[in-house]
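Structure file protein_10.cif (mmCIF, C-alpha atoms and all ligand atoms) follows.
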```
data_start
loop_
_atom_site.label_atom_id
_atom_site.label_comp_id
_atom_site.auth_asym_id
_atom_site.auth_seq_id
_atom_site.Cartn_x
_atom_site.Cartn_y
_atom_site.Cartn_z
CA MET A 681 66.20 126.48 113.32
CA ILE A 682 63.25 124.99 111.48
CA SER A 683 62.12 121.38 111.34
CA VAL A 684 62.57 119.02 108.38
CA LYS A 685 58.83 119.19 107.65
CA GLU A 686 58.80 123.00 107.72
CA ALA A 687 61.80 123.14 105.42
CA GLN A 688 60.28 120.66 102.96
CA ASP A 689 57.03 122.66 102.95
CA ILE A 690 58.91 125.86 102.13
CA VAL A 691 60.74 124.12 99.27
CA GLN A 692 57.36 122.94 98.01
CA GLN A 693 55.78 126.42 98.12
CA GLN A 694 58.65 127.86 96.09
CA SER A 695 58.74 125.11 93.45
CA LYS A 696 55.73 125.42 91.17
CA ALA A 697 55.44 123.42 87.96
CA LEU A 698 57.10 125.10 84.99
CA GLU A 699 55.23 125.77 81.78
CA SER A 700 54.31 123.24 79.14
CA ILE A 701 56.36 122.32 76.10
CA GLN A 702 55.71 119.97 73.22
CA LEU A 703 58.18 117.12 72.83
CA PRO A 704 58.56 114.27 70.39
CA LEU A 705 57.41 111.14 72.20
CA ALA A 706 60.89 109.65 71.75
CA GLN A 707 62.33 112.43 73.95
CA ALA A 708 59.62 112.45 76.61
CA LEU A 709 60.90 109.76 78.97
CA ASP A 710 60.85 110.98 82.62
CA PHE A 711 58.75 114.04 81.80
CA VAL A 712 55.30 114.69 83.35
CA LEU A 713 52.25 115.21 81.13
CA SER A 714 50.92 118.77 81.37
CA GLU A 715 47.65 117.85 79.63
CA ASN A 716 45.39 114.83 79.40
CA VAL A 717 46.23 112.69 76.39
CA LYS A 718 43.22 111.45 74.41
CA ALA A 719 43.35 108.22 72.49
CA PRO A 720 43.39 109.10 68.77
CA ILE A 721 42.34 105.54 67.88
CA SER A 722 40.81 102.56 69.63
CA LEU A 723 43.04 99.77 70.90
CA PRO A 724 43.02 97.23 69.51
CA PRO A 725 41.93 99.00 66.33
CA PHE A 726 40.18 95.81 65.08
CA ASP A 727 39.10 92.43 66.48
CA SER A 728 42.32 90.48 66.56
CA SER A 729 43.43 86.97 67.32
CA ALA A 730 45.11 86.28 70.68
CA MET A 731 46.45 82.91 69.45
CA ASP A 732 47.96 81.03 66.56
CA GLY A 733 45.14 78.70 65.54
CA TYR A 734 41.82 78.76 63.70
CA ALA A 735 39.09 81.39 63.55
CA LEU A 736 35.76 79.77 62.94
CA ARG A 737 32.03 80.24 62.81
CA TYR A 738 30.66 77.80 65.31
CA ILE A 739 27.16 76.43 65.56
CA ASP A 740 25.97 74.10 68.31
CA GLY A 741 27.73 70.77 68.50
CA GLN A 742 29.94 71.18 65.43
CA THR A 743 33.53 69.90 65.69
CA THR A 744 34.65 69.75 62.04
CA PHE A 745 35.10 72.95 60.03
CA GLU A 746 35.74 73.61 56.37
CA LEU A 747 39.06 75.48 55.85
CA MET A 748 38.67 78.61 53.68
CA GLY A 749 42.21 80.08 53.73
CA GLU A 750 44.49 81.96 56.11
CA VAL A 751 44.95 85.41 57.62
CA GLN A 752 48.44 86.52 58.64
CA ALA A 753 49.21 89.33 61.06
CA GLY A 754 49.19 92.55 59.05
CA SER A 755 47.05 91.11 56.26
CA ASN A 756 43.83 92.89 55.34
CA GLN A 757 42.27 89.89 53.67
CA ALA A 758 38.61 89.61 54.68
CA PHE A 759 36.67 86.32 54.82
CA ASP A 760 32.92 86.10 55.09
CA LEU A 761 32.73 82.86 57.12
CA LYS A 762 29.49 80.90 57.00
CA ASP A 763 28.37 78.43 59.68
CA GLY A 764 30.85 75.57 59.91
CA GLN A 765 33.71 77.38 58.16
CA ALA A 766 37.16 78.30 59.50
CA VAL A 767 40.39 80.06 58.49
CA ARG A 768 43.94 79.50 59.67
CA ILE A 769 44.86 82.56 61.75
CA PHE A 770 47.93 83.93 63.58
CA THR A 771 48.39 86.03 66.71
CA GLY A 772 47.57 89.68 66.03
CA ALA A 773 45.81 88.97 62.73
CA MET A 774 42.42 90.51 61.95
CA VAL A 775 39.62 88.09 62.90
CA PRO A 776 36.98 87.71 60.14
CA GLU A 777 33.87 89.70 61.05
CA THR A 778 31.56 86.68 61.09
CA ALA A 779 33.91 84.41 63.08
CA ASN A 780 32.74 83.80 66.65
CA ALA A 781 35.75 82.01 68.21
CA VAL A 782 39.46 81.37 67.77
CA ILE A 783 40.75 77.92 68.74
CA MET A 784 44.41 77.52 69.63
CA GLN A 785 46.21 75.26 67.19
CA GLU A 786 47.25 72.81 69.93
CA LEU A 787 43.56 71.83 70.24
CA THR A 788 43.03 71.16 66.53
CA GLU A 789 43.92 68.65 63.86
CA VAL A 790 43.92 69.39 60.16
CA ASN A 791 42.77 66.74 57.67
CA GLY A 792 43.21 68.06 54.14
CA THR A 793 40.60 70.78 53.72
CA THR A 794 38.99 70.47 57.12
CA VAL A 795 40.02 71.15 60.67
CA GLU A 796 38.86 69.10 63.66
CA VAL A 797 38.48 70.73 67.09
CA GLU A 798 39.08 68.73 70.28
CA GLY A 799 37.07 69.72 73.34
CA SER A 800 34.39 72.31 73.82
CA ILE A 801 34.24 75.67 72.02
CA THR A 802 33.49 78.87 73.92
CA LEU A 803 31.95 81.69 71.90
CA GLY A 804 34.24 84.71 71.72
CA SER A 805 37.26 82.84 72.96
CA ASN A 806 40.76 84.13 72.07
CA ILE A 807 39.43 87.19 70.29
CA ARG A 808 40.80 90.54 71.46
CA ARG A 809 37.85 92.82 70.88
CA LYS A 810 38.26 96.14 69.13
CA SER A 811 38.67 98.93 71.77
CA GLU A 812 38.77 96.51 74.73
CA GLN A 813 41.93 98.28 75.97
CA ILE A 814 40.86 101.82 75.15
CA GLU A 815 38.20 103.57 73.11
CA ALA A 816 39.08 106.34 70.63
CA ASN A 817 38.62 109.88 72.04
CA THR A 818 38.65 108.82 75.68
CA ILE A 819 41.46 109.83 78.04
CA ALA A 820 44.41 107.48 77.64
CA LEU A 821 46.73 109.09 80.24
CA ASP A 822 45.90 111.83 82.70
CA LYS A 823 47.68 115.12 83.12
CA GLY A 824 50.28 114.67 85.86
CA THR A 825 51.32 111.19 84.71
CA LEU A 826 55.06 110.59 84.73
CA LEU A 827 56.09 109.10 81.40
CA THR A 828 57.90 105.84 81.99
CA ALA A 829 59.01 103.31 79.37
CA SER A 830 55.58 101.65 79.54
CA GLY A 831 53.73 104.97 79.27
CA ILE A 832 55.78 105.92 76.22
CA GLY A 833 55.05 102.49 74.74
CA PHE A 834 51.32 102.83 75.40
CA LEU A 835 51.17 106.22 73.65
CA ALA A 836 53.32 104.87 70.80
CA SER A 837 50.82 102.02 70.32
CA MET A 838 48.22 104.66 69.44
CA GLY A 839 50.51 106.31 66.89
CA ILE A 840 51.06 109.42 69.05
CA GLU A 841 54.11 111.39 67.90
CA THR A 842 54.29 114.35 70.31
CA VAL A 843 53.20 115.07 73.88
CA ASN A 844 52.76 118.18 76.02
CA VAL A 845 54.84 117.96 79.17
CA HIS A 846 56.17 120.29 81.85
CA ARG A 847 59.53 121.72 81.02
CA LYS A 848 62.42 120.80 83.30
CA PRO A 849 64.51 123.49 85.01
CA LYS A 850 68.00 124.47 83.89
CA ILE A 851 70.38 123.47 86.65
CA SER A 852 73.86 124.73 87.55
CA LEU A 853 76.34 123.32 90.01
CA LEU A 854 79.02 125.33 91.80
CA ILE A 855 81.68 123.57 93.86
CA THR A 856 83.64 125.64 96.40
CA GLY A 857 86.76 124.83 98.41
CA ASN A 858 90.48 125.68 98.37
CA GLU A 859 91.40 122.18 99.51
CA LEU A 860 89.81 120.42 96.55
CA VAL A 861 91.81 118.75 93.80
CA GLN A 862 90.60 116.90 90.71
CA ALA A 863 91.49 113.27 90.14
CA GLY A 864 94.64 112.90 88.07
CA GLN A 865 96.59 115.39 90.17
CA ALA A 866 98.77 114.31 93.09
CA LEU A 867 97.46 115.36 96.49
CA GLN A 868 99.61 117.88 98.37
CA PRO A 869 99.44 117.88 102.16
CA GLY A 870 96.09 119.33 103.27
CA GLN A 871 94.36 118.66 99.99
CA ILE A 872 91.55 116.16 99.25
CA TYR A 873 90.01 114.95 96.06
CA GLU A 874 86.87 116.75 95.02
CA SER A 875 83.91 114.36 95.07
CA ASN A 876 80.67 116.32 95.57
CA GLY A 877 80.75 117.42 91.96
CA LEU A 878 80.56 113.94 90.50
CA THR A 879 78.23 112.78 93.27
CA LEU A 880 75.72 115.52 92.51
CA VAL A 881 76.10 115.27 88.73
CA SER A 882 75.35 111.55 89.05
CA ALA A 883 72.41 112.08 91.40
CA ILE A 884 70.95 114.68 89.05
CA LYS A 885 71.39 112.38 86.08
CA SER A 886 69.93 109.39 87.91
CA ILE A 887 66.59 111.16 88.40
CA GLY A 888 66.28 112.24 84.78
CA PHE A 889 67.72 115.77 84.79
CA GLY A 890 70.71 117.39 83.11
CA LEU A 891 73.13 120.17 83.95
CA GLN A 892 73.59 123.56 82.35
CA THR A 893 76.98 124.35 83.90
CA TYR A 894 79.35 122.80 86.40
CA GLU A 895 82.11 124.99 87.83
CA MET A 896 84.59 125.13 90.67
CA VAL A 897 85.71 128.21 92.60
CA LYS A 898 88.22 128.87 95.33
CA ASP A 899 87.13 130.17 98.72
CA ASP A 900 87.19 133.76 97.56
CA PHE A 901 84.34 136.22 97.99
CA ASP A 902 84.58 137.94 94.60
CA ALA A 903 85.10 134.72 92.65
CA THR A 904 82.15 133.10 94.42
CA ARG A 905 79.88 136.09 93.84
CA GLU A 906 80.75 136.33 90.13
CA ALA A 907 80.29 132.61 89.57
CA LEU A 908 76.90 132.73 91.31
CA ARG A 909 75.87 135.80 89.33
CA SER A 910 76.62 134.18 85.99
CA GLN A 911 75.01 130.88 87.00
CA LEU A 912 71.86 132.76 88.05
CA GLU A 913 71.71 134.27 84.59
CA ALA A 914 72.17 130.98 82.80
CA SER A 915 69.98 128.69 84.89
CA GLU A 916 66.96 128.39 87.16
CA VAL A 917 68.16 126.13 89.97
CA ILE A 918 71.61 126.67 91.39
CA ILE A 919 73.17 124.03 93.58
CA VAL A 920 76.25 125.09 95.54
CA SER A 921 78.51 122.75 97.46
CA GLY A 922 80.40 123.95 100.53
CA GLY A 923 81.18 127.37 101.90
CA ILE A 924 77.83 127.85 103.62
CA SER A 925 78.93 127.25 107.21
CA VAL A 926 80.21 129.82 109.68
CA GLY A 927 83.94 129.49 108.95
CA ASP A 928 86.01 132.55 108.09
CA TYR A 929 86.37 131.26 104.52
CA ASP A 930 82.71 130.40 103.93
CA PHE A 931 81.63 133.06 101.45
CA VAL A 932 78.57 131.55 99.81
CA GLY A 933 76.02 133.11 102.21
CA SER A 934 77.39 136.63 101.94
CA ALA A 935 77.89 136.36 98.16
CA LEU A 936 74.27 135.25 97.71
CA GLU A 937 73.11 138.11 99.87
CA GLU A 938 75.12 140.63 97.89
CA ILE A 939 73.57 139.58 94.58
CA GLY A 940 70.10 139.86 96.09
CA VAL A 941 69.12 136.23 96.69
CA ALA A 942 66.45 136.19 99.41
CA GLN A 943 66.83 133.60 102.16
CA TYR A 944 63.85 131.24 102.54
CA PHE A 945 65.59 129.26 105.24
CA TYR A 946 69.04 128.58 106.62
CA LYS A 947 69.74 125.71 109.03
CA ILE A 948 67.45 122.78 109.71
CA LYS A 949 67.11 120.69 112.84
CA GLN A 950 68.63 117.67 111.15
CA LYS A 951 71.67 115.45 110.96
CA PRO A 952 73.46 115.40 108.62
CA GLY A 953 73.11 118.71 106.77
CA LYS A 954 72.24 121.27 109.44
CA PRO A 955 73.58 124.34 107.58
CA LEU A 956 71.47 123.90 104.43
CA PHE A 957 70.57 127.22 102.79
CA PHE A 958 67.58 127.71 100.50
CA GLY A 959 66.83 131.00 98.81
CA GLY A 960 65.66 132.56 95.58
CA ILE A 961 65.47 135.54 93.29
CA ASN A 962 63.16 136.21 90.30
CA GLU A 963 61.61 132.72 90.36
CA LYS A 964 65.08 131.17 90.44
CA LEU A 965 66.06 128.91 93.29
CA CYS A 966 69.33 128.41 95.07
CA PHE A 967 70.32 125.55 97.34
CA ALA A 968 73.64 125.86 99.14
CA LEU A 969 74.56 122.44 100.47
CA PRO A 970 77.04 121.85 103.26
CA GLY A 971 80.29 120.51 101.82
CA ASN A 972 80.57 117.33 103.85
CA PRO A 973 79.92 114.65 101.23
CA ALA A 974 77.17 112.71 103.07
CA SER A 975 75.47 115.94 104.13
CA ALA A 976 75.48 117.26 100.58
CA LEU A 977 73.92 114.10 99.14
CA SER A 978 71.40 113.72 101.96
CA CYS A 979 70.28 117.32 101.42
CA PHE A 980 70.08 116.69 97.69
CA TYR A 981 67.72 113.73 98.12
CA ASN A 982 65.48 115.37 100.71
CA TYR A 983 65.27 118.96 99.45
CA VAL A 984 66.77 119.49 95.99
CA LEU A 985 65.26 116.39 94.37
CA PRO A 986 61.71 117.28 95.54
CA ALA A 987 62.17 120.82 94.19
CA LEU A 988 63.37 119.55 90.80
CA ARG A 989 60.45 117.13 90.61
CA SER A 990 57.87 119.78 91.60
CA LEU A 991 59.23 122.18 89.00
CA SER A 992 58.81 119.47 86.38
CA GLY A 993 55.22 118.75 87.36
CA TRP A 994 55.34 115.94 89.93
CA ALA A 995 52.45 116.10 92.39
CA GLN A 996 54.18 113.84 94.97
CA PRO A 997 57.79 114.93 94.71
CA LEU A 998 59.29 113.51 97.90
CA LEU A 999 61.06 110.16 97.79
CA ASN A 1000 58.73 107.29 98.72
CA ARG A 1001 58.56 106.28 102.37
CA GLN A 1002 57.62 103.03 103.98
CA LYS A 1003 57.41 101.63 107.53
CA MET A 1004 59.75 98.71 108.14
CA ILE A 1005 61.16 96.66 110.97
CA CYS A 1006 64.71 97.69 111.82
CA THR A 1007 67.20 94.91 112.63
CA THR A 1008 69.84 97.13 114.25
CA ALA A 1009 70.04 99.46 117.23
CA PHE A 1010 70.77 103.16 116.94
CA HIS A 1011 71.42 105.54 119.80
CA LYS A 1012 69.88 108.93 119.00
CA ARG A 1013 71.09 111.92 120.95
CA GLY A 1014 69.60 115.41 120.90
CA ASP A 1015 66.51 116.80 119.20
CA ARG A 1016 67.66 116.90 115.59
CA ALA A 1017 65.96 114.70 113.01
CA GLN A 1018 68.28 112.05 111.54
CA PHE A 1019 68.67 110.65 108.06
CA LEU A 1020 70.58 107.40 108.48
CA LYS A 1021 72.16 105.49 105.62
CA ALA A 1022 70.53 102.07 105.61
CA LYS A 1023 70.08 98.91 103.63
CA ILE A 1024 66.79 97.15 102.95
CA GLU A 1025 67.23 93.37 102.91
CA ASP A 1026 64.40 90.80 102.96
CA ASN A 1027 61.80 93.45 103.82
CA THR A 1028 63.64 94.63 106.91
CA VAL A 1029 66.03 97.51 107.19
CA ARG A 1030 69.53 97.66 108.66
CA ILE A 1031 71.16 100.92 109.73
CA LEU A 1032 74.72 100.91 108.41
CA GLU A 1033 77.93 101.58 110.30
CA GLY A 1034 79.69 104.90 109.64
CA GLN A 1035 77.07 107.64 109.76
CA GLY A 1036 79.56 110.53 109.95
CA SER A 1037 78.67 113.41 107.65
CA ALA A 1038 82.06 113.20 105.94
CA MET A 1039 81.63 109.47 105.20
CA LEU A 1040 80.37 108.29 101.85
CA HIS A 1041 81.22 104.61 102.32
CA SER A 1042 77.94 103.76 104.05
CA PHE A 1043 76.02 105.84 101.50
CA ALA A 1044 77.68 103.88 98.71
CA LEU A 1045 76.24 100.66 100.19
CA ALA A 1046 72.83 102.11 101.08
CA ASN A 1047 69.59 101.72 99.18
CA ALA A 1048 67.52 103.63 101.73
CA MET A 1049 67.62 106.05 104.63
CA VAL A 1050 66.04 105.48 108.02
CA TYR A 1051 64.31 108.69 109.03
CA LEU A 1052 64.04 109.53 112.72
CA ASP A 1053 62.11 112.75 113.23
CA GLU A 1054 63.02 115.42 115.77
CA ALA A 1055 60.93 113.82 118.52
CA SER A 1056 62.09 110.21 117.95
CA GLY A 1057 64.20 108.43 120.49
CA SER A 1058 66.73 105.65 120.03
CA VAL A 1059 66.00 102.55 117.97
CA LYS A 1060 66.12 98.94 119.21
CA PRO A 1061 66.24 95.87 116.97
CA GLY A 1062 62.62 94.93 116.13
CA ASP A 1063 61.32 98.53 116.22
CA GLU A 1064 59.29 99.81 113.32
CA VAL A 1065 60.96 102.78 111.62
CA GLU A 1066 60.22 105.09 108.73
CA VAL A 1067 62.33 104.32 105.67
CA ILE A 1068 63.03 106.61 102.73
CA LEU A 1069 63.63 104.66 99.53
CA LEU A 1070 66.54 106.01 97.50
CA PRO A 1071 66.07 106.31 93.75
P1 LIG A 1101 82.47 123.24 103.97
O1 LIG A 1101 81.00 123.06 103.97
O2 LIG A 1101 82.96 123.99 102.77
O3 LIG A 1101 82.94 123.86 105.26
O4 LIG A 1101 83.14 121.81 103.89
C1 LIG A 1101 82.90 120.86 104.90
C2 LIG A 1101 83.77 119.64 104.70
O5 LIG A 1101 83.44 119.03 103.47
C3 LIG A 1101 85.26 119.93 104.63
O6 LIG A 1101 85.93 118.88 105.28
C4 LIG A 1101 85.55 119.92 103.16
O7 LIG A 1101 86.88 119.58 102.88
C5 LIG A 1101 84.60 118.89 102.64
N1 LIG A 1101 84.22 119.19 101.27
C6 LIG A 1101 83.73 120.38 100.87
N2 LIG A 1101 83.48 120.35 99.55
C7 LIG A 1101 83.84 119.11 99.12
C8 LIG A 1101 83.81 118.49 97.85
N3 LIG A 1101 83.38 119.12 96.77
N4 LIG A 1101 84.26 117.20 97.77
C9 LIG A 1101 84.69 116.58 98.87
N5 LIG A 1101 84.72 117.11 100.09
C10 LIG A 1101 84.31 118.37 100.23
MG MG A 1102 84.68 124.84 102.23
#
```

Let me see the file written as structure tokens.
Ligand code: AMP
Ligand code: MG
Amino acid sequence: MISVKEAQDIVQQQSKALESIQLPLAQALDFVLSENVKAPISLPPFDSSAMDGYALRYIDGQTTFELMGEVQAGSNQAFDLKDGQAVRIFTGAMVPETANAVIMQELTEVNGTTVEVEGSITLGSNIRRKSEQIEANTIALDKGTLLTASGIGFLASMGIETVNVHRKPKISLLITGNELVQAGQALQPGQIYESNGLTLVSAIKSIGFGLQTYEMVKDDFDATREALRSQLEASEVIIVSGGISVGDYDFVGSALEEIGVAQYFYKIKQKPGKPLFFGGINEKLCFALPGNPASALSCFYNYVLPALRSLSGWAQPLLNRQKMICTTAFHKRGDRAQFLKAKIEDNTVRILEGQGSAMLHSFALANAMVYLDEASGSVKPGDEVEVILLP
């Protein structure tokens, strides 16, 4: 069995960024830039007012200014202000070229055709200088940047319409298990409701990916093999739930072998999720997750998610980690690494009750996982632990 670190390294080696595509900016949220983006214009594109008030041309000691007119935001009206002259101006409006300060209206008083300024005047005040945010033709966002709402907004503010980003992989999900029933049907003795499907669909969606296909098969060798074969044709990352253990009705491993999927690893020294399988064929990747619901999701976050992110261009694909003080005790037995469902509260972390691999209740309440590596011992309240932040 390999360690968590070894397994994550293997996933990394097999998950290289996919090629670049051009997307309309409006569709580029959660994609990673595959090229540097240059600023097509300067920001701001002109000297603009940071306040509602008066733009004026100040000379030493002057407090009263002759009013020449007004400039609204969006107006292109130009004023050639002489010493001692001012215009009414609004936030975002173009500041007259010869103005040397903008005074906020709260510090002024208008008397007919003049405006009086209270207090001292600082040259250049309240003027947003052309290109103070960014200069035309310089790099606005680097290759490798993940486009968030703010990144999209920043590019939009320069009038950018399309961006080059890494393509995302096509993903398929295959759920196995004779005992599984969909909601809406009554449970017969021995049956349980299928939940990994919706769990994984939701997890995939929550990190900005979509699904190509989502199917269920019975524990049957031929059905499993044919479903895997067709999913491998239609998609690039296949995620299978269940059927990868050593039971007599676990056919996923042998079906993958028969269609030629090479094994990169099988079984990790970890809890939950020991029997995780990772393999591939023709640049396509296959993760077979153990069917226990908490194992499946834990394996998704620690192995599948990093692979999906790497394929779509992320340089740091693992979930963020942080050291924190743990407020609860945990008795660790054996030499397997543990991923424990946990809750961060007030900058400390609490390991939740109910860590069984079939239990989703604690996961549903968790916002983090405490990670104890293979060599770690038990945890006492007050110990510092490594915490994985869930998305
Ligand atoms: P398996 O990995 O197929 O041996 O399944 C391990 C355990 O997880 C069994 O108790 C299954 O009933 C359960 N299980 C497998 N697949 C699912 C699923 N899709 N939804 C809920 N439970 C499942
Ligand atoms: Mg099964």

Using all atoms listed in the file, find each residue in chain A having at least one atom no more than 6 Å away from ligand LIG 1101 (chain A); report its shortest atom-to-atom pair and that distance in Å (one decimal), rows by chain then rising number, as CSV.
```
residue,atom,partner,partner_atom,distance
A:Ile855,CA,A:LIG1101,N3,5.6
A:Gly857,CA,A:LIG1101,N2,5.7
A:Glu874,CA,A:LIG1101,N4,3.8
A:Ser875,CA,A:LIG1101,N4,3.9
A:Asn876,CA,A:LIG1101,N3,4.1
A:Gly877,CA,A:LIG1101,N3,5.7
A:Ser921,CA,A:LIG1101,N2,5.9
A:Gly922,CA,A:LIG1101,O2,3.4
A:Gly923,CA,A:LIG1101,O2,3.9
A:Ile924,CA,A:LIG1101,O1,5.8
A:Ser925,CA,A:LIG1101,O3,5.6
A:Pro970,CA,A:LIG1101,O1,4.2
A:Gly971,CA,A:LIG1101,O1,3.4
A:Asn972,CA,A:LIG1101,O5,3.4
A:Pro973,CA,A:LIG1101,N5,5.5
```

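The gap separating CA of Ala719 (chain A) from CA of Glu812 (chain A) is 12.8 Å, in Å to one decimal.
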
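Atom to atom, CA of Ala976 (chain A) and CA of Leu1040 (chain A) stand 10.3 Å apart.
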
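Among the candidates A:Glu859, A:Glu798, A:Asp1026, A:Asp902, the one nearest to ligand MG 1102 (chain A) when counting all atoms listed in the file is A:Glu859.
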
Neighbour list for Gly864 (chain A) as a PyMOL selection string, cut-off 12 Å, only C-alpha atoms, skip fewer than 2 positions in-chain: chain A and resi 861-862+866-867+873-874
